[in-house]
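Colleague: Next comes coords36.cif, mmCIF, C-alpha atoms:
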data_model
loop_
_atom_site.label_atom_id
_atom_site.label_comp_id
_atom_site.auth_asym_id
_atom_site.auth_seq_id
_atom_site.Cartn_x
_atom_site.Cartn_y
_atom_site.Cartn_z
CA ASP A 23 32.93 -80.25 1.99
CA GLN A 24 31.65 -77.29 -0.01
CA GLN A 25 32.37 -74.22 2.12
CA VAL A 26 30.86 -71.84 -0.39
CA LYS A 27 27.57 -72.78 -1.99
CA GLN A 28 25.49 -71.39 -4.78
CA ASN A 29 22.31 -73.39 -4.63
CA SER A 30 20.75 -72.07 -7.82
CA PRO A 31 22.55 -73.45 -10.86
CA SER A 32 20.61 -71.17 -13.18
CA LEU A 33 18.47 -68.05 -13.23
CA SER A 34 16.49 -66.33 -15.99
CA VAL A 35 15.51 -62.68 -15.75
CA GLN A 36 13.82 -60.26 -18.09
CA GLU A 37 15.91 -57.38 -19.41
CA GLY A 38 15.54 -54.29 -17.24
CA ARG A 39 14.51 -56.25 -14.15
CA ILE A 40 16.62 -57.06 -11.11
CA SER A 41 18.82 -60.16 -11.00
CA ILE A 42 19.57 -61.54 -7.55
CA LEU A 43 22.26 -64.18 -7.21
CA ASN A 44 22.74 -65.86 -3.88
CA CYS A 45 25.66 -67.44 -2.11
CA ASP A 46 25.94 -69.17 1.27
CA TYR A 47 29.07 -70.01 3.18
CA THR A 48 29.83 -72.15 6.20
CA ASN A 49 33.11 -70.82 7.58
CA SER A 50 32.77 -67.71 9.71
CA MET A 51 36.51 -67.11 9.38
CA PHE A 52 36.15 -65.87 5.83
CA ASP A 53 36.73 -62.16 5.87
CA TYR A 54 36.51 -61.13 2.25
CA PHE A 55 34.06 -62.06 -0.46
CA LEU A 56 34.17 -61.52 -4.19
CA TRP A 57 31.95 -62.03 -7.20
CA TYR A 58 33.31 -63.10 -10.57
CA LYS A 59 31.64 -63.34 -13.94
CA LYS A 60 32.64 -65.90 -16.52
CA TYR A 61 31.87 -66.12 -20.21
CA PRO A 62 32.48 -69.38 -22.11
CA ALA A 63 36.09 -69.92 -23.20
CA GLU A 64 37.28 -67.05 -21.00
CA GLY A 65 38.71 -66.85 -17.53
CA PRO A 66 36.58 -65.36 -14.74
CA THR A 67 36.66 -61.58 -14.42
CA PHE A 68 36.29 -59.72 -11.18
CA LEU A 69 33.04 -57.86 -10.58
CA ILE A 70 32.78 -56.62 -7.03
CA SER A 71 33.96 -57.49 -3.54
CA ILE A 72 33.00 -56.87 0.05
CA SER A 73 34.89 -57.01 3.30
CA SER A 74 33.31 -58.85 6.21
CA ILE A 75 33.21 -55.62 8.21
CA LYS A 76 30.69 -54.19 5.77
CA ASP A 77 27.18 -55.23 4.86
CA LYS A 78 26.86 -53.55 1.48
CA ASN A 79 29.05 -52.48 -1.39
CA GLU A 80 27.85 -50.82 -4.56
CA ASP A 81 29.47 -50.33 -7.95
CA GLY A 82 27.25 -49.02 -10.68
CA ARG A 83 24.57 -51.56 -11.49
CA PHE A 84 26.10 -54.11 -9.11
CA THR A 85 25.48 -54.26 -5.38
CA VAL A 86 26.68 -56.96 -3.02
CA PHE A 87 24.97 -57.51 0.32
CA LEU A 88 26.51 -59.47 3.18
CA ASN A 89 24.55 -60.95 6.07
CA LYS A 90 27.15 -62.36 8.41
CA SER A 91 24.72 -63.78 10.94
CA ALA A 92 23.09 -65.81 8.16
CA LYS A 93 26.41 -66.47 6.42
CA HIS A 94 24.81 -65.30 3.22
CA LEU A 95 25.73 -62.89 0.48
CA SER A 96 23.89 -61.80 -2.59
CA LEU A 97 24.66 -59.94 -5.78
CA HIS A 98 22.03 -57.60 -7.18
CA ILE A 99 22.20 -56.44 -10.78
CA VAL A 100 19.89 -53.56 -11.64
CA PRO A 101 18.86 -53.14 -14.37
CA SER A 102 19.81 -56.47 -15.92
CA GLN A 103 21.10 -56.37 -19.48
CA PRO A 104 21.50 -59.15 -22.07
CA GLY A 105 25.29 -58.71 -21.85
CA ASP A 106 25.09 -59.78 -18.22
CA SER A 107 24.28 -63.32 -19.34
CA ALA A 108 27.15 -65.40 -17.99
CA VAL A 109 28.07 -67.71 -15.15
CA TYR A 110 28.55 -65.92 -11.83
CA PHE A 111 30.81 -67.30 -9.12
CA CYS A 112 31.04 -66.10 -5.58
CA ALA A 113 34.31 -66.59 -3.76
CA ALA A 114 35.50 -66.28 -0.20
CA ILE A 115 38.96 -65.77 1.15
CA PHE A 116 40.70 -66.04 4.49
CA SER A 117 42.57 -63.05 5.79
CA GLY A 118 46.14 -62.77 4.56
CA THR A 119 45.90 -65.64 2.12
CA TYR A 120 45.53 -65.92 -1.61
CA LYS A 121 43.40 -69.05 -1.39
CA TYR A 122 40.01 -68.34 -2.92
CA ILE A 123 37.18 -70.74 -2.21
CA PHE A 124 34.68 -70.61 -5.05
CA GLY A 125 31.05 -71.61 -5.25
CA THR A 126 29.79 -73.84 -8.05
CA GLY A 127 28.40 -70.92 -10.05
CA THR A 128 24.99 -69.68 -11.20
CA ARG A 129 24.23 -69.32 -14.88
CA LEU A 130 22.34 -66.08 -15.43
CA LYS A 131 20.35 -65.59 -18.60
CA VAL A 132 18.92 -62.15 -19.26
CA LEU A 133 16.10 -62.29 -21.77
CA ALA A 134 15.66 -59.43 -24.21
CA LYS B 23 49.51 -54.07 -19.26
CA ALA B 24 49.50 -57.69 -20.36
CA GLY B 25 47.09 -60.01 -18.57
CA VAL B 26 47.62 -63.50 -17.27
CA THR B 27 48.77 -65.77 -20.08
CA GLN B 28 48.22 -69.50 -20.08
CA THR B 29 49.64 -71.94 -22.59
CA PRO B 30 48.60 -74.04 -24.31
CA ARG B 31 44.91 -73.15 -24.69
CA TYR B 32 43.89 -76.68 -25.63
CA LEU B 33 45.46 -80.05 -25.02
CA ILE B 34 44.47 -83.63 -25.71
CA LYS B 35 46.30 -86.38 -23.87
CA THR B 36 45.76 -90.10 -23.37
CA ARG B 37 45.33 -91.84 -20.05
CA GLY B 38 48.56 -92.51 -18.25
CA GLN B 39 50.45 -89.66 -19.86
CA GLN B 40 51.66 -86.61 -18.04
CA VAL B 41 51.08 -82.95 -18.90
CA THR B 42 52.62 -79.59 -18.05
CA LEU B 43 50.66 -76.36 -18.19
CA SER B 44 52.22 -72.93 -18.08
CA CYS B 45 51.10 -69.62 -16.61
CA SER B 46 52.66 -66.19 -16.85
CA PRO B 47 51.20 -63.78 -14.29
CA ILE B 48 50.68 -60.08 -14.64
CA SER B 49 53.96 -58.25 -14.30
CA GLY B 50 54.64 -57.47 -10.66
CA HIS B 51 52.26 -60.10 -9.30
CA ARG B 52 54.09 -62.59 -7.14
CA SER B 53 51.19 -64.84 -6.23
CA VAL B 54 49.97 -67.44 -8.71
CA SER B 55 47.09 -69.80 -7.99
CA TRP B 56 45.75 -72.71 -9.98
CA TYR B 57 42.14 -73.89 -10.21
CA GLN B 58 40.35 -76.76 -11.85
CA GLN B 59 36.92 -76.12 -13.30
CA THR B 60 34.59 -79.00 -14.10
CA PRO B 61 30.84 -78.91 -14.77
CA GLY B 62 28.91 -78.82 -11.52
CA GLN B 63 32.01 -78.42 -9.35
CA GLY B 64 32.80 -74.79 -9.85
CA LEU B 65 36.39 -73.74 -9.46
CA GLN B 66 38.36 -76.06 -7.22
CA PHE B 67 41.52 -74.64 -5.68
CA LEU B 68 44.64 -76.63 -6.56
CA PHE B 69 47.54 -74.68 -5.08
CA GLU B 70 49.04 -71.26 -4.66
CA TYR B 71 52.63 -70.11 -5.03
CA PHE B 72 54.30 -66.99 -3.77
CA SER B 73 57.94 -66.20 -4.38
CA GLU B 74 58.63 -69.76 -5.56
CA THR B 75 57.08 -71.31 -2.44
CA GLN B 76 53.88 -73.30 -2.32
CA ARG B 77 51.85 -71.72 0.46
CA ASN B 78 48.45 -73.34 0.06
CA LYS B 79 47.29 -76.61 -1.37
CA GLY B 80 43.82 -77.90 -2.17
CA ASN B 81 42.46 -81.42 -1.82
CA PHE B 82 43.96 -82.99 -4.91
CA PRO B 83 46.08 -86.15 -5.18
CA GLY B 84 49.83 -86.00 -5.38
CA ARG B 85 49.64 -86.48 -9.14
CA PHE B 86 48.99 -82.75 -9.28
CA SER B 87 52.06 -80.67 -8.65
CA GLY B 88 53.37 -77.28 -9.50
CA ARG B 89 56.23 -74.90 -9.21
CA GLN B 90 57.01 -71.25 -9.57
CA PHE B 91 60.11 -69.72 -11.05
CA SER B 92 62.04 -66.67 -9.94
CA ASN B 93 60.26 -64.55 -12.57
CA SER B 94 56.90 -65.61 -11.02
CA ARG B 95 55.96 -67.76 -13.99
CA SER B 96 54.36 -70.98 -12.85
CA GLU B 97 53.90 -74.46 -14.21
CA MET B 98 51.44 -77.12 -13.21
CA ASN B 99 52.09 -80.79 -13.82
CA VAL B 100 49.67 -83.69 -13.79
CA SER B 101 51.15 -87.17 -13.98
CA THR B 102 49.45 -90.47 -14.82
CA LEU B 103 46.45 -88.73 -16.34
CA GLU B 104 42.98 -90.09 -15.70
CA LEU B 105 39.80 -89.46 -17.65
CA GLY B 106 38.45 -87.46 -14.70
CA ASP B 107 41.28 -84.96 -15.07
CA SER B 108 39.57 -83.55 -18.14
CA ALA B 109 38.76 -79.99 -17.17
CA LEU B 110 39.50 -76.34 -17.69
CA TYR B 111 42.59 -75.38 -15.71
CA LEU B 112 42.72 -71.76 -14.72
CA CYS B 113 45.60 -69.75 -13.41
CA ALA B 114 45.19 -66.52 -11.48
CA SER B 115 47.62 -63.92 -10.24
CA SER B 116 47.22 -61.41 -7.44
CA LEU B 117 49.18 -58.48 -6.16
CA VAL B 118 48.20 -58.56 -2.50
CA PRO B 119 46.14 -60.93 -0.36
CA ALA B 120 42.37 -60.45 -0.51
CA ASP B 121 42.74 -58.36 -3.63
CA GLU B 122 41.01 -59.36 -6.81
CA ALA B 123 42.62 -62.22 -8.65
CA PHE B 124 43.15 -61.85 -12.37
CA PHE B 125 42.51 -65.00 -14.34
CA GLY B 126 43.96 -66.29 -17.56
CA GLN B 127 41.78 -67.80 -20.26
CA GLY B 128 42.59 -71.28 -19.10
CA THR B 129 43.89 -74.48 -20.63
CA ARG B 130 41.24 -76.95 -21.73
CA LEU B 131 42.65 -80.42 -21.06
CA THR B 132 40.92 -83.45 -22.53
CA VAL B 133 42.06 -86.91 -21.49
CA VAL B 134 41.02 -89.73 -23.81
#
Output the file's structure in the form of structure tokens.

Modeller:
Amino acid sequence: DQQVKQNSPSLSVQEGRISILNCDYTNSMFDYFLWYKKYPAEGPTFLISISSIKDKNEDGRFTVFLNKSAKHLSLHIVPSQPGDSAVYFCAAIFSGTYKYIFGTGTRLKVLA
Amino acid sequence: KAGVTQTPRYLIKTRGQQVTLSCSPISGHRSVSWYQQTPGQGLQFLFEYFSETQRNKGNFPGRFSGRQFSNSRSEMNVSTLELGDSALYLCASSLVPADEAFFGQGTRLTVV
């Protein structure tokens, strides 16, 4: 049972435009969400997170939006750059635990 | 400070053998988690250790086991290897719950 889903396996965006990566979850008990970026042959690196008590968190070019009623979060990258090309994973976590539930990832390709 | 270190980086084993993977967390991090990454499945949670105790376990058969030492270093063992165990195994360490997890570069295991 996939509790965290990323339904788009891939996404292509033109450089300078907005990239929107989506993530849906099924368990309303998740209270913290994170986005990770992964390059080939490297471990995932943390990008941005959001607590379930918020609906938006911004860090530079990256903004994460959380819609709890829809159990949906999205990552916006503006403007997109070729170096952003990677696989993006969303993850959810239960309060007080270290157990991260990851989605299957979305491969973003930013075209120059 | 040094990041999460996983050894070895690459491993080739034959079916039926057993394998041990090692992970050294970031200094001061007491939580170590293990994940399996396969194409199309994202990162699947294996287990999490904190102060030498396994606190969370994912849905993997008993052939997958782990342990954590008093210095927080962790090992993961897979016995009676199957072809389907071929994957990238990632280790992550965290300082506090719901904080970002820092990942190692992973061990690429190939079972032939």

Colleague: Could you list, as a ChimeraX atom specification, every residue within 6 Å of range 30-37 of chain A, counting all atoms listed in the file and ignoring same-chain residues fewer than 4 positions away?

Modeller: /A:102-103,128-134

Colleague: Write the residues you've just listed into a file as an mmCIF file, in the coordinates of the input, and include C-alpha atoms for each of them.

Modeller:
data_model
loop_
_atom_site.group_PDB
_atom_site.id
_atom_site.type_symbol
_atom_site.label_atom_id
_atom_site.label_comp_id
_atom_site.auth_asym_id
_atom_site.auth_seq_id
_atom_site.Cartn_x
_atom_site.Cartn_y
_atom_site.Cartn_z
ATOM 1 C CA SER A 102 19.810 -56.470 -15.920
ATOM 2 C CA GLN A 103 21.100 -56.370 -19.480
ATOM 3 C CA THR A 128 24.990 -69.680 -11.200
ATOM 4 C CA ARG A 129 24.230 -69.320 -14.880
ATOM 5 C CA LEU A 130 22.340 -66.080 -15.430
ATOM 6 C CA LYS A 131 20.350 -65.590 -18.600
ATOM 7 C CA VAL A 132 18.920 -62.150 -19.260
ATOM 8 C CA LEU A 133 16.100 -62.290 -21.770
ATOM 9 C CA ALA A 134 15.660 -59.430 -24.210
#

Colleague: At a cut-off of 8 Å, using all atoms listed in the file, what residues contact Gln39 in chain B? Leave out same-chain residues fewer than 6 positions from it and give the result as a list in words.

Modeller: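 With the cut-off at 8 Å, the set is Ser101, Thr102 and Leu103 of chain B.
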
Colleague: Those residues with C-alpha atoms, as an mmCIF file, keeping the file's coordinate frame please?

Modeller:
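And here is the file that came out, result_36.cif:
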data_model
loop_
_atom_site.group_PDB
_atom_site.id
_atom_site.type_symbol
_atom_site.label_atom_id
_atom_site.label_comp_id
_atom_site.auth_asym_id
_atom_site.auth_seq_id
_atom_site.Cartn_x
_atom_site.Cartn_y
_atom_site.Cartn_z
ATOM 1 C CA SER B 101 51.150 -87.170 -13.980
ATOM 2 C CA THR B 102 49.450 -90.470 -14.820
ATOM 3 C CA LEU B 103 46.450 -88.730 -16.340
#

Colleague: As an exercise, work out the distance from CA of Arg31 in chain B to CA of Phe68 in chain A in Å and give it to one decimal place.

Modeller: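 We find that CA of Arg31 in chain B and CA of Phe68 in chain A lie 20.9 Å from each other.
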
Colleague: Rounded to one decimal, what separation in Å do you get between CA of Glu104 in chain B and CA of Tyr58 in chain A?

Modeller: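 Calculated distance between CA of Glu104 in chain B and CA of Tyr58 in chain A is 29.1 Å.
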
Colleague: Point out the residue among B:Thr42, B:Ser55, B:Thr29, B:Asn99 with the least atom-to-atom distance to Ala114 in chain B, counting all atoms listed in the file.

Modeller: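 Nearest to Ala114 in chain B: B:Ser55.
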
Colleague: Provide as a PyMOL selection string the residues of chain A at most 7 Å from chain B, counting only C-alpha atoms.

Modeller: chain A and resi 54+63-68+115+117-121+123-127

Colleague: Residues at most 7 Å from Tyr47 in chain A, counting all atoms listed in the file, excluding those fewer than 5 positions away in the same chain, as a PDB file with C-alpha atoms, keeping the file's coordinate frame?

Modeller:
ATOM      1  CA  GLN A  25      32.370 -74.220   2.120  1.00  0.00           C
ATOM      2  CA  VAL A  26      30.860 -71.840  -0.390  1.00  0.00           C
ATOM      3  CA  LYS A  27      27.570 -72.780  -1.990  1.00  0.00           C
ATOM      4  CA  LYS A  93      26.410 -66.470   6.420  1.00  0.00           C
ATOM      5  CA  HIS A  94      24.810 -65.300   3.220  1.00  0.00           C
TER       6      HIS A  94
END

Colleague: So what do you get for CA of Tyr32 in chain B versus CA of Val134 in chain B, distance-wise?

Modeller: 13.5 Å

Colleague: If the PyMOL selection byres ((chain A and resi 99) around 12) is run on the structure shown, which residues does it catch, given as a ChimeraX atom specification?

Modeller: /A:35-44,57,69-70,80-87,96-98,100-107,110,130,132

Colleague: If the PyMOL selection byres ((chain A and resi 88) around 10) is run on the structure shown, which residues does it catch, given as a PyMOL selection string?

Modeller: chain A and resi 45-46+55+72-79+86-87+89-97

Colleague: Range 105-122 of chain A from the block above, N, CA, C and O atoms, as an mmCIF file, in the first residue's frame, please?

Modeller:
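Saved file out-v7.cif follows:
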data_model
loop_
_atom_site.group_PDB
_atom_site.id
_atom_site.type_symbol
_atom_site.label_atom_id
_atom_site.label_comp_id
_atom_site.auth_asym_id
_atom_site.auth_seq_id
_atom_site.Cartn_x
_atom_site.Cartn_y
_atom_site.Cartn_z
ATOM 1 N N GLY A 105 20.511 22.769 -13.845
ATOM 2 C CA GLY A 105 21.063 22.037 -12.697
ATOM 3 C C GLY A 105 20.011 21.435 -11.794
ATOM 4 O O GLY A 105 20.330 20.631 -10.918
ATOM 5 N N ASP A 106 18.757 21.817 -12.012
ATOM 6 C CA ASP A 106 17.667 21.236 -11.221
ATOM 7 C C ASP A 106 17.268 19.858 -11.751
ATOM 8 O O ASP A 106 16.473 19.163 -11.115
ATOM 9 N N SER A 107 17.784 19.478 -12.886
ATOM 10 C CA SER A 107 17.453 18.181 -13.471
ATOM 11 C C SER A 107 17.924 17.063 -12.546
ATOM 12 O O SER A 107 19.120 16.930 -12.270
ATOM 13 N N ALA A 108 16.986 16.300 -12.047
ATOM 14 C CA ALA A 108 17.268 15.261 -11.048
ATOM 15 C C ALA A 108 15.964 14.510 -10.796
ATOM 16 O O ALA A 108 14.925 14.844 -11.365
ATOM 17 N N VAL A 109 16.030 13.534 -9.917
ATOM 18 C CA VAL A 109 14.812 12.867 -9.454
ATOM 19 C C VAL A 109 14.409 13.492 -8.128
ATOM 20 O O VAL A 109 15.241 13.660 -7.235
ATOM 21 N N TYR A 110 13.153 13.847 -8.002
ATOM 22 C CA TYR A 110 12.637 14.477 -6.792
ATOM 23 C C TYR A 110 11.713 13.509 -6.057
ATOM 24 O O TYR A 110 10.791 12.943 -6.637
ATOM 25 N N PHE A 111 11.986 13.345 -4.779
ATOM 26 C CA PHE A 111 11.158 12.480 -3.938
ATOM 27 C C PHE A 111 10.456 13.315 -2.888
ATOM 28 O O PHE A 111 11.069 14.175 -2.252
ATOM 29 N N CYS A 112 9.184 13.067 -2.693
ATOM 30 C CA CYS A 112 8.534 13.637 -1.521
ATOM 31 C C CYS A 112 8.508 12.556 -0.442
ATOM 32 O O CYS A 112 8.547 11.363 -0.743
ATOM 33 N N ALA A 113 8.485 12.998 0.786
ATOM 34 C CA ALA A 113 8.493 12.074 1.910
ATOM 35 C C ALA A 113 7.583 12.599 2.996
ATOM 36 O O ALA A 113 7.401 13.811 3.129
ATOM 37 N N ALA A 114 7.009 11.690 3.742
ATOM 38 C CA ALA A 114 6.138 12.060 4.857
ATOM 39 C C ALA A 114 6.610 11.335 6.104
ATOM 40 O O ALA A 114 7.219 10.261 6.021
ATOM 41 N N ILE A 115 6.320 11.921 7.227
ATOM 42 C CA ILE A 115 6.803 11.344 8.474
ATOM 43 C C ILE A 115 5.753 11.511 9.566
ATOM 44 O O ILE A 115 5.014 12.499 9.583
ATOM 45 N N PHE A 116 5.669 10.504 10.427
ATOM 46 C CA PHE A 116 4.771 10.588 11.572
ATOM 47 C C PHE A 116 5.475 11.308 12.714
ATOM 48 O O PHE A 116 6.675 11.188 12.888
ATOM 49 N N SER A 117 4.695 11.994 13.482
ATOM 50 C CA SER A 117 5.238 12.757 14.597
ATOM 51 C C SER A 117 6.076 11.896 15.527
ATOM 52 O O SER A 117 5.668 10.790 15.899
ATOM 53 N N GLY A 118 7.242 12.378 15.877
ATOM 54 C CA GLY A 118 8.080 11.710 16.861
ATOM 55 C C GLY A 118 8.808 10.482 16.368
ATOM 56 O O GLY A 118 9.458 9.802 17.143
ATOM 57 N N THR A 119 8.710 10.210 15.092
ATOM 58 C CA THR A 119 9.409 9.037 14.552
ATOM 59 C C THR A 119 10.466 9.471 13.556
ATOM 60 O O THR A 119 10.475 10.609 13.091
ATOM 61 N N TYR A 120 11.311 8.552 13.210
ATOM 62 C CA TYR A 120 12.312 8.781 12.184
ATOM 63 C C TYR A 120 11.977 7.998 10.913
ATOM 64 O O TYR A 120 12.787 7.877 10.029
ATOM 65 N N LYS A 121 10.775 7.479 10.849
ATOM 66 C CA LYS A 121 10.408 6.624 9.723
ATOM 67 C C LYS A 121 9.842 7.486 8.606
ATOM 68 O O LYS A 121 8.734 8.013 8.708
ATOM 69 N N TYR A 122 10.604 7.652 7.545
ATOM 70 C CA TYR A 122 10.191 8.443 6.404
ATOM 71 C C TYR A 122 9.522 7.534 5.381
ATOM 72 O O TYR A 122 10.063 6.497 5.022
#
